[in-house]
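Printed here is work-v7.pdb (PDB, C-alpha atoms, pLDDT in the B column):
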ATOM      1  CA  MET V   1       5.240  -4.588   2.316  1.00 48.00           C
ATOM      2  CA  SER V   2       8.500  -6.339   3.117  1.00 47.00           C
ATOM      3  CA  THR V   3       8.869  -8.341   6.331  1.00 48.00           C
ATOM      4  CA  VAL V   4      11.735  -6.096   7.474  1.00 45.00           C
ATOM      5  CA  VAL V   5       9.705  -2.908   7.019  1.00 47.00           C
ATOM      6  CA  PHE V   6       6.742  -4.493   8.803  1.00 45.00           C
ATOM      7  CA  ARG V   7       8.876  -5.488  11.793  1.00 50.00           C
ATOM      8  CA  VAL V   8      10.570  -2.101  12.077  1.00 45.00           C
ATOM      9  CA  MET V   9       7.290  -0.174  11.896  1.00 49.00           C
ATOM     10  CA  LEU V  10       5.670  -2.516  14.400  1.00 49.00           C
ATOM     11  CA  GLU V  11       8.561  -2.096  16.840  1.00 51.00           C
ATOM     12  CA  ILE V  12       8.295   1.704  16.576  1.00 44.00           C
ATOM     13  CA  HIS V  13       4.553   1.595  17.163  1.00 48.00           C
ATOM     14  CA  THR V  14       4.833  -0.865  20.041  1.00 51.00           C
ATOM     15  CA  HIS V  15       7.397   1.309  21.819  1.00 47.00           C
ATOM     16  CA  ALA V  16       5.251   4.415  21.376  1.00 46.00           C
ATOM     17  CA  SER V  17       2.193   2.526  22.648  1.00 48.00           C
ATOM     18  CA  LYS V  18       3.959   1.452  25.847  1.00 49.00           C
ATOM     19  CA  VAL V  19       4.955   5.023  26.608  1.00 45.00           C
ATOM     20  CA  LEU V  20       1.623   6.560  25.661  1.00 45.00           C
ATOM     21  CA  ASN V  21      -0.483   4.072  27.549  1.00 48.00           C
ATOM     22  CA  ARG V  22       0.970   5.398  30.785  1.00 43.00           C
ATOM     23  CA  LYS V  23      -0.396   8.875  30.034  1.00 44.00           C
ATOM     24  CA  GLN V  24      -3.353   8.627  27.698  1.00 47.00           C
ATOM     25  CA  LYS V  25      -5.351   6.105  25.746  1.00 49.00           C
ATOM     26  CA  LEU V  26      -3.891   5.311  22.335  1.00 51.00           C
ATOM     27  CA  THR V  27      -6.441   4.648  19.606  1.00 50.00           C
ATOM     28  CA  PHE V  28      -4.221   2.207  17.725  1.00 52.00           C
ATOM     29  CA  GLU V  29      -2.732  -0.759  19.509  1.00 58.00           C
ATOM     30  CA  PRO V  30      -0.276  -3.334  18.128  1.00 63.00           C
ATOM     31  CA  ARG V  31      -2.877  -6.095  18.271  1.00 71.00           C
ATOM     32  CA  GLN V  32      -5.193  -4.058  16.017  1.00 75.00           C
ATOM     33  CA  VAL V  33      -2.410  -3.589  13.471  1.00 73.00           C
ATOM     34  CA  ILE V  34      -1.726  -7.323  13.511  1.00 78.00           C
ATOM     35  CA  LYS V  35      -5.450  -8.008  13.177  1.00 80.00           C
ATOM     36  CA  ASP V  36      -5.600  -5.670  10.176  1.00 76.00           C
ATOM     37  CA  PHE V  37      -2.625  -7.401   8.570  1.00 71.00           C
ATOM     38  CA  ALA V  38      -4.284 -10.786   9.040  1.00 80.00           C
ATOM     39  CA  SER V  39      -7.541  -9.438   7.600  1.00 78.00           C
ATOM     40  CA  GLY V  40      -5.643  -8.236   4.554  1.00 68.00           C
ATOM     41  CA  GLU V  41      -4.112 -11.654   4.013  1.00 81.00           C
ATOM     42  CA  ILE V  42      -7.542 -13.282   4.307  1.00 84.00           C
ATOM     43  CA  LYS V  43      -9.078 -10.826   1.845  1.00 80.00           C
ATOM     44  CA  GLN V  44      -6.261 -11.490  -0.590  1.00 81.00           C
ATOM     45  CA  ALA V  45      -6.544 -15.257  -0.287  1.00 80.00           C
ATOM     46  CA  SER V  46     -10.315 -15.163  -0.785  1.00 82.00           C
ATOM     47  CA  SER V  47     -10.088 -13.158  -4.018  1.00 87.00           C
ATOM     48  CA  LEU V  48      -7.341 -14.992  -5.917  1.00 94.00           C
ATOM     49  CA  PHE V  49      -7.967 -15.152  -9.685  1.00 97.00           C
ATOM     50  CA  ASP V  50     -11.167 -13.136  -9.177  1.00 96.00           C
ATOM     51  CA  CYS V  51     -11.381 -10.870 -12.221  1.00 97.00           C
ATOM     52  CA  ASP V  52     -14.405  -9.071 -10.775  1.00 97.00           C
ATOM     53  CA  VAL V  53     -12.409  -7.582  -7.910  1.00 95.00           C
ATOM     54  CA  GLU V  54     -12.877  -3.811  -7.839  1.00 96.00           C
ATOM     55  CA  LEU V  55     -10.364  -1.060  -7.185  1.00 97.00           C
ATOM     56  CA  ASP V  56     -12.018  -0.130  -3.882  1.00 97.00           C
ATOM     57  CA  GLU V  57     -11.608  -3.715  -2.672  1.00 96.00           C
ATOM     58  CA  TYR V  58      -7.949  -3.634  -3.668  1.00 96.00           C
ATOM     59  CA  LEU V  59      -7.430  -0.405  -1.718  1.00 97.00           C
ATOM     60  CA  ILE V  60      -9.146  -1.832   1.356  1.00 95.00           C
ATOM     61  CA  LYS V  61      -6.902  -4.893   1.222  1.00 94.00           C
ATOM     62  CA  SER V  62      -3.871  -2.645   0.743  1.00 95.00           C
ATOM     63  CA  TYR V  63      -4.902  -0.606   3.763  1.00 93.00           C
ATOM     64  CA  TYR V  64      -5.092  -3.714   5.925  1.00 92.00           C
ATOM     65  CA  LYS V  65      -1.811  -5.182   4.679  1.00 91.00           C
ATOM     66  CA  THR V  66       0.338  -2.057   4.478  1.00 91.00           C
ATOM     67  CA  ALA V  67      -1.235   1.315   5.213  1.00 93.00           C
ATOM     68  CA  SER V  68      -2.761   0.407   8.589  1.00 92.00           C
ATOM     69  CA  LEU V  69       0.653  -0.069  10.187  1.00 91.00           C
ATOM     70  CA  ILE V  70       2.111   3.116   8.708  1.00 94.00           C
ATOM     71  CA  ALA V  71      -0.972   5.123   9.703  1.00 94.00           C
ATOM     72  CA  ALA V  72      -0.843   3.759  13.248  1.00 90.00           C
ATOM     73  CA  SER V  73       2.849   4.624  13.516  1.00 90.00           C
ATOM     74  CA  THR V  74       2.503   8.188  12.242  1.00 93.00           C
ATOM     75  CA  LYS V  75      -0.520   8.884  14.449  1.00 91.00           C
ATOM     76  CA  GLY V  76       1.221   7.308  17.434  1.00 87.00           C
ATOM     77  CA  ALA V  77       4.235   9.560  16.879  1.00 88.00           C
ATOM     78  CA  ALA V  78       1.928  12.595  16.693  1.00 90.00           C
ATOM     79  CA  ILE V  79       0.205  11.698  19.959  1.00 86.00           C
ATOM     80  CA  PHE V  80       3.585  11.061  21.546  1.00 84.00           C
ATOM     81  CA  SER V  81       4.504  14.634  20.529  1.00 85.00           C
ATOM     82  CA  ARG V  82       1.388  15.859  22.393  1.00 87.00           C
ATOM     83  CA  VAL V  83      -0.174  17.661  19.452  1.00 88.00           C
ATOM     84  CA  ASP V  84      -3.883  18.425  19.160  1.00 91.00           C
ATOM     85  CA  SER V  85      -6.195  15.592  18.179  1.00 89.00           C
ATOM     86  CA  ASP V  86      -6.990  17.148  14.790  1.00 93.00           C
ATOM     87  CA  ILE V  87      -3.298  17.159  13.914  1.00 94.00           C
ATOM     88  CA  SER V  88      -2.832  13.572  15.057  1.00 92.00           C
ATOM     89  CA  GLU V  89      -5.771  12.618  12.832  1.00 95.00           C
ATOM     90  CA  GLN V  90      -4.143  14.361   9.868  1.00 96.00           C
ATOM     91  CA  MET V  91      -0.975  12.410  10.597  1.00 96.00           C
ATOM     92  CA  TYR V  92      -3.026   9.223  10.539  1.00 95.00           C
ATOM     93  CA  GLN V  93      -4.333  10.202   7.106  1.00 97.00           C
ATOM     94  CA  TYR V  94      -0.789  11.020   6.009  1.00 97.00           C
ATOM     95  CA  GLY V  95       0.400   7.551   6.987  1.00 97.00           C
ATOM     96  CA  LYS V  96      -2.620   5.887   5.408  1.00 97.00           C
ATOM     97  CA  ASN V  97      -2.134   7.603   2.043  1.00 98.00           C
ATOM     98  CA  LEU V  98       1.629   7.089   2.123  1.00 98.00           C
ATOM     99  CA  GLY V  99       1.024   3.395   2.777  1.00 97.00           C
ATOM    100  CA  LEU V 100      -1.458   3.085  -0.077  1.00 98.00           C
ATOM    101  CA  SER V 101       0.907   4.872  -2.455  1.00 98.00           C
ATOM    102  CA  PHE V 102       3.730   2.603  -1.293  1.00 97.00           C
ATOM    103  CA  GLN V 103       1.680  -0.522  -2.027  1.00 97.00           C
ATOM    104  CA  VAL V 104       0.633   0.664  -5.489  1.00 98.00           C
ATOM    105  CA  VAL V 105       4.269   1.441  -6.313  1.00 97.00           C
ATOM    106  CA  ASP V 106       5.292  -2.030  -5.149  1.00 96.00           C
ATOM    107  CA  ASP V 107       2.617  -3.552  -7.361  1.00 97.00           C
ATOM    108  CA  ILE V 108       3.855  -1.564 -10.360  1.00 98.00           C
ATOM    109  CA  LEU V 109       7.433  -2.714  -9.760  1.00 96.00           C
ATOM    110  CA  ASP V 110       6.225  -6.314  -9.860  1.00 95.00           C
ATOM    111  CA  PHE V 111       5.748  -5.740 -13.595  1.00 96.00           C
ATOM    112  CA  THR V 112       8.445  -3.230 -14.478  1.00 94.00           C
ATOM    113  CA  GLN V 113      11.524  -4.569 -12.675  1.00 91.00           C
ATOM    114  CA  SER V 114      13.596  -7.624 -13.467  1.00 84.00           C
ATOM    115  CA  ALA V 115      13.717 -10.767 -11.355  1.00 82.00           C
ATOM    116  CA  GLU V 116      17.207  -9.741 -10.215  1.00 84.00           C
ATOM    117  CA  GLN V 117      15.945  -6.353  -9.008  1.00 87.00           C
ATOM    118  CA  LEU V 118      12.876  -7.822  -7.327  1.00 84.00           C
ATOM    119  CA  GLY V 119      14.522 -10.834  -5.782  1.00 85.00           C
ATOM    120  CA  LYS V 120      11.638 -12.901  -7.151  1.00 85.00           C
ATOM    121  CA  PRO V 121      10.194 -13.651 -10.603  1.00 87.00           C
ATOM    122  CA  ALA V 122       8.554 -10.665 -12.305  1.00 86.00           C
ATOM    123  CA  GLY V 123       4.770 -10.921 -12.248  1.00 92.00           C
ATOM    124  CA  SER V 124       4.831 -13.241  -9.261  1.00 94.00           C
ATOM    125  CA  ASP V 125       1.717 -11.678  -7.693  1.00 95.00           C
ATOM    126  CA  LEU V 126      -0.213 -12.196 -10.919  1.00 97.00           C
ATOM    127  CA  ALA V 127       1.066 -15.769 -11.175  1.00 96.00           C
ATOM    128  CA  LYS V 128      -0.419 -16.476  -7.736  1.00 96.00           C
ATOM    129  CA  GLY V 129      -3.732 -14.906  -8.717  1.00 97.00           C
ATOM    130  CA  ASN V 130      -3.246 -11.763  -6.646  1.00 96.00           C
ATOM    131  CA  LEU V 131      -4.772  -9.088  -8.871  1.00 98.00           C
ATOM    132  CA  THR V 132      -3.251  -5.688  -8.141  1.00 97.00           C
ATOM    133  CA  ALA V 133      -3.951  -2.177  -9.445  1.00 98.00           C
ATOM    134  CA  PRO V 134      -2.186  -2.560 -12.820  1.00 98.00           C
ATOM    135  CA  VAL V 135      -4.148  -5.750 -13.522  1.00 98.00           C
ATOM    136  CA  ILE V 136      -7.478  -4.319 -12.362  1.00 98.00           C
ATOM    137  CA  PHE V 137      -7.029  -1.387 -14.729  1.00 98.00           C
ATOM    138  CA  ALA V 138      -5.867  -3.641 -17.561  1.00 98.00           C
ATOM    139  CA  LEU V 139      -8.921  -5.882 -17.209  1.00 98.00           C
ATOM    140  CA  GLU V 140     -11.103  -2.911 -18.190  1.00 97.00           C
ATOM    141  CA  GLN V 141      -9.348  -2.763 -21.563  1.00 96.00           C
ATOM    142  CA  GLU V 142      -8.335  -6.352 -22.350  1.00 96.00           C
ATOM    143  CA  PRO V 143     -11.113  -9.002 -22.380  1.00 95.00           C
ATOM    144  CA  LYS V 144      -8.558 -11.668 -23.274  1.00 97.00           C
ATOM    145  CA  LEU V 145      -6.731 -10.993 -20.035  1.00 98.00           C
ATOM    146  CA  ARG V 146      -9.760 -12.199 -18.092  1.00 98.00           C
ATOM    147  CA  GLU V 147      -9.781 -15.488 -19.994  1.00 97.00           C
ATOM    148  CA  ILE V 148      -6.101 -16.093 -19.280  1.00 98.00           C
ATOM    149  CA  ILE V 149      -6.367 -15.271 -15.573  1.00 98.00           C
ATOM    150  CA  GLU V 150      -9.500 -17.338 -15.042  1.00 97.00           C
ATOM    151  CA  SER V 151      -7.716 -20.307 -16.638  1.00 97.00           C
ATOM    152  CA  GLU V 152      -5.088 -19.864 -13.875  1.00 97.00           C
ATOM    153  CA  PHE V 153      -2.337 -19.813 -16.509  1.00 96.00           C
ATOM    154  CA  CYS V 154      -2.816 -23.442 -17.412  1.00 94.00           C
ATOM    155  CA  GLU V 155      -1.202 -23.077 -20.842  1.00 94.00           C
ATOM    156  CA  THR V 156       2.526 -22.683 -21.425  1.00 93.00           C
ATOM    157  CA  GLY V 157       3.425 -19.037 -21.970  1.00 95.00           C
ATOM    158  CA  SER V 158       0.065 -17.734 -20.769  1.00 97.00           C
ATOM    159  CA  LEU V 159       1.579 -15.851 -17.813  1.00 96.00           C
ATOM    160  CA  ASN V 160       3.975 -13.980 -20.091  1.00 96.00           C
ATOM    161  CA  GLU V 161       1.094 -13.172 -22.412  1.00 97.00           C
ATOM    162  CA  ALA V 162      -0.909 -11.807 -19.481  1.00 97.00           C
ATOM    163  CA  ILE V 163       2.015  -9.640 -18.396  1.00 97.00           C
ATOM    164  CA  GLU V 164       2.321  -8.245 -21.921  1.00 97.00           C
ATOM    165  CA  LEU V 165      -1.392  -7.420 -21.957  1.00 97.00           C
ATOM    166  CA  VAL V 166      -1.070  -5.554 -18.665  1.00 97.00           C
ATOM    167  CA  MET V 167       1.906  -3.621 -20.005  1.00 95.00           C
ATOM    168  CA  LYS V 168       0.290  -2.583 -23.293  1.00 96.00           C
ATOM    169  CA  SER V 169      -3.197  -1.862 -21.951  1.00 96.00           C
ATOM    170  CA  GLY V 170      -2.240   1.242 -19.989  1.00 96.00           C
ATOM    171  CA  GLY V 171      -2.640  -0.532 -16.659  1.00 97.00           C
ATOM    172  CA  ILE V 172       0.818   0.515 -15.490  1.00 97.00           C
ATOM    173  CA  GLU V 173       0.253   4.159 -16.434  1.00 97.00           C
ATOM    174  CA  ARG V 174      -3.098   4.304 -14.634  1.00 98.00           C
ATOM    175  CA  ALA V 175      -1.561   2.703 -11.576  1.00 98.00           C
ATOM    176  CA  ARG V 176       1.148   5.388 -11.641  1.00 98.00           C
ATOM    177  CA  VAL V 177      -1.582   8.030 -11.583  1.00 98.00           C
ATOM    178  CA  LEU V 178      -3.178   6.297  -8.587  1.00 98.00           C
ATOM    179  CA  ALA V 179       0.136   6.157  -6.716  1.00 98.00           C
ATOM    180  CA  LYS V 180       0.694   9.863  -7.424  1.00 98.00           C
ATOM    181  CA  GLN V 181      -2.849  10.688  -6.297  1.00 98.00           C
ATOM    182  CA  LYS V 182      -2.352   8.972  -2.940  1.00 98.00           C
ATOM    183  CA  ALA V 183       1.059  10.620  -2.585  1.00 98.00           C
ATOM    184  CA  ASP V 184      -0.472  14.052  -3.195  1.00 98.00           C
ATOM    185  CA  GLU V 185      -3.138  13.341  -0.584  1.00 98.00           C
ATOM    186  CA  ALA V 186      -0.434  12.352   1.900  1.00 98.00           C
ATOM    187  CA  ILE V 187       1.494  15.590   1.342  1.00 98.00           C
ATOM    188  CA  GLN V 188      -1.709  17.617   1.596  1.00 98.00           C
ATOM    189  CA  CYS V 189      -2.219  16.206   5.086  1.00 97.00           C
ATOM    190  CA  LEU V 190       1.072  17.767   6.136  1.00 97.00           C
ATOM    191  CA  GLN V 191      -0.398  21.258   5.696  1.00 96.00           C
ATOM    192  CA  CYS V 192      -1.351  21.010   9.371  1.00 95.00           C
ATOM    193  CA  LEU V 193       2.344  21.182  10.315  1.00 94.00           C
ATOM    194  CA  PRO V 194       4.540  24.299  10.327  1.00 94.00           C
ATOM    195  CA  GLN V 195       7.319  24.519   7.767  1.00 95.00           C
ATOM    196  CA  SER V 196      10.353  22.783   9.236  1.00 95.00           C
ATOM    197  CA  ALA V 197      13.055  20.233   8.520  1.00 95.00           C
ATOM    198  CA  PHE V 198      10.778  17.566  10.029  1.00 92.00           C
ATOM    199  CA  ARG V 199       7.919  18.374   7.651  1.00 95.00           C
ATOM    200  CA  LEU V 200      10.333  18.371   4.713  1.00 96.00           C
ATOM    201  CA  ALA V 201      11.545  14.935   5.814  1.00 95.00           C
ATOM    202  CA  LEU V 202       7.983  13.607   5.842  1.00 96.00           C
ATOM    203  CA  GLU V 203       7.386  15.072   2.378  1.00 97.00           C
ATOM    204  CA  GLY V 204      10.671  13.519   1.286  1.00 96.00           C
ATOM    205  CA  MET V 205       9.460  10.043   2.277  1.00 96.00           C
ATOM    206  CA  VAL V 206       6.500  10.435  -0.055  1.00 97.00           C
ATOM    207  CA  LYS V 207       8.648  11.703  -2.926  1.00 97.00           C
ATOM    208  CA  PHE V 208      11.241   8.968  -2.409  1.00 96.00           C
ATOM    209  CA  ASN V 209       8.532   6.345  -2.738  1.00 96.00           C
ATOM    210  CA  LEU V 210       7.420   7.780  -6.099  1.00 97.00           C
ATOM    211  CA  GLU V 211      11.013   7.952  -7.318  1.00 96.00           C
ATOM    212  CA  ARG V 212      11.030   4.147  -7.291  1.00 95.00           C
ATOM    213  CA  ILE V 213       8.854   4.207 -10.429  1.00 95.00           C
ATOM    214  CA  ASP V 214      10.410   7.218 -12.182  1.00 87.00           C
TER
END

Rewrite the structure of this file - the entire thing - as C-alpha cells.
Amino acid sequence: MSTVVFRVMLEIHTHASKVLNRKQKLTFEPRQVIKDFASGEIKQASSLFDCDVELDEYLIKSYYKTASLIAASTKGAAIFSRVDSDISEQMYQYGKNLGLSFQVVDDILDFTQSAEQLGKPAGSDLAKGNLTAPVIFALEQEPKLREIIESEFCETGSLNEAIELVMKSGGIERARVLAKQKADEAIQCLQCLPQSAFRLALEGMVKFNLERID
C-alpha cells in the first residue's frame, strides 16, 4: 500500500477514534494498526527469498501491511454511524477483504505494468526476494523458478528469466482469481446494508480496484 494511502486512512481512523472514545470503546486503535503494519514488515523481511512460503502466510502478511488499516477504518466508520455490532463486524470484514484484494492487485501490477507506470522497476518485489501471490502460484508449476530465486538472482539476466517464468506459468491468472475472490467476499459483506447510494459507492470501490488489472 502506498505511503499516501496509508497516511490518509490512518488520519481518518485516528479522527474517528478520538470521537468514538468519548462515547464508547473502539475495538481498533491507531496504535494497533501501526503494530500490525510493523508486524507485516517483520514477516516480510523474515521470509525474503523463501520459496516455501505458503499462500496463507502471504495473506496474513498482506492483512498486517494493508488490510488491517482498511478494516479498522471501515469498522470505525460503522461504529461512528451507531449501527448494530453485527453490522460493524460485517464492515470490518468488508474492509479486510477489500484490503486483501487491493494488495493482490498491486502485486499483479508489479509484473504487468511498465516501470514508467509503476514508478519503479517492474518485478521490484521479486528482485528484493518478496514473494507475492503470482510468484507463490508460479512456484507450484515451475521448479526452475525456485532455483533462480534461491540463488538470489546472482546471474546476469536471471531476474528477467524469473519474471518470464511467472508470466507463462499461470501465476498471474491465478492471482487474478484470488483478487476477484476477495473482492466478491467484500461485496457479499455489504448485504447487511440497505440499497443506497452509499452502498453502491462501497461496491464501486471494490470494482474500481479490480479494474486496475482489467

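Taking all atoms listed in the file into account, Thr66 (chain V) lies nearest to V:Ile34 out of the set V:Cys154, V:Ile34, V:Cys189, V:Ile149.
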
Counting all atoms listed in the file, closest pick from V:Phe80, V:Tyr94, V:Tyr58, V:Tyr64 relative to Asp184 (chain V) is V:Tyr94

Atomic distance CA of Ala122 (chain V) - CA of Asn209 (chain V), expressed in Å with one decimal
19.5 Å

Picked residues, the PyMOL selection byres ((chain V and resi 52) around 12), as a PyMOL selection string
chain V and resi 47-51+53-58+131-132+135-137+139-140+146+149-150

Applied to the shown file, which residues does the PyMOL selection byres ((chain V and resi 191) around 12) return, written as a CSV table (one decimal) with C-alpha atoms, keeping the file's coordinate frame?
chain,number,residue,atom,x,y,z
V,86,ASP,CA,-7.0,17.1,14.8
V,87,ILE,CA,-3.3,17.2,13.9
V,90,GLN,CA,-4.1,14.4,9.9
V,91,MET,CA,-1.0,12.4,10.6
V,93,GLN,CA,-4.3,10.2,7.1
V,94,TYR,CA,-0.8,11.0,6.0
V,184,ASP,CA,-0.5,14.1,-3.2
V,185,GLU,CA,-3.1,13.3,-0.6
V,186,ALA,CA,-0.4,12.4,1.9
V,187,ILE,CA,1.5,15.6,1.3
V,188,GLN,CA,-1.7,17.6,1.6
V,189,CYS,CA,-2.2,16.2,5.1
V,190,LEU,CA,1.1,17.8,6.1
V,192,CYS,CA,-1.4,21.0,9.4
V,193,LEU,CA,2.3,21.2,10.3
V,194,PRO,CA,4.5,24.3,10.3
V,195,GLN,CA,7.3,24.5,7.8
V,196,SER,CA,10.4,22.8,9.2
V,199,ARG,CA,7.9,18.4,7.7
V,200,LEU,CA,10.3,18.4,4.7
V,202,LEU,CA,8.0,13.6,5.8
V,203,GLU,CA,7.4,15.1,2.4

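Selection around (0.4, 5.9, 8.3) with radius 8 Å, counting all atoms listed in the file, yields the residues Ala67, Ser68, Leu69, Ile70, Ala71, Ala72, Ser73, Thr74, Lys75, Met91, Tyr92, Gln93, Tyr94, Gly95, Lys96, Asn97, Leu98 and Gly99 of chain V.
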
Excluding Ser101 (chain V) and its own-chain neighbours fewer than 3 positions away, which residues fall within 6 Å of it when counting all atoms listed in the file? Please give them as number ranges by chain.
V: 98, 104, 179, 182-183

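Among the candidates V:Ala115, V:Ile60, V:Leu159, V:Val105, the one nearest to Asp36 (chain V) when counting only C-alpha atoms is V:Ile60.
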
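Distance-wise, CA of Ile163 (chain V) and CA of Lys65 (chain V) end up 23.8 Å apart.
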
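Atom to atom, CA of Lys43 (chain V) and CA of Ile213 (chain V) stand 26.4 Å apart.
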
Selection in question (the file shown): the PyMOL selection byres ((chain V and resi 165) around 12). Which residues does it include, as an MDAnalysis selection string?
chainID V and resid 111 134:149 158:164 166:172

Please return the centre and edge lengths, in Å to one decimal, of a box with edges along x, y and z that contains all listed atoms of region 120-131 of chain V, widened by 4 Å on every side, as AutoDock Vina command-line options.
--center_x 3.4 --center_y -12.8 --center_z -9.5 --size_x 24.4 --size_y 15.4 --size_z 13.7
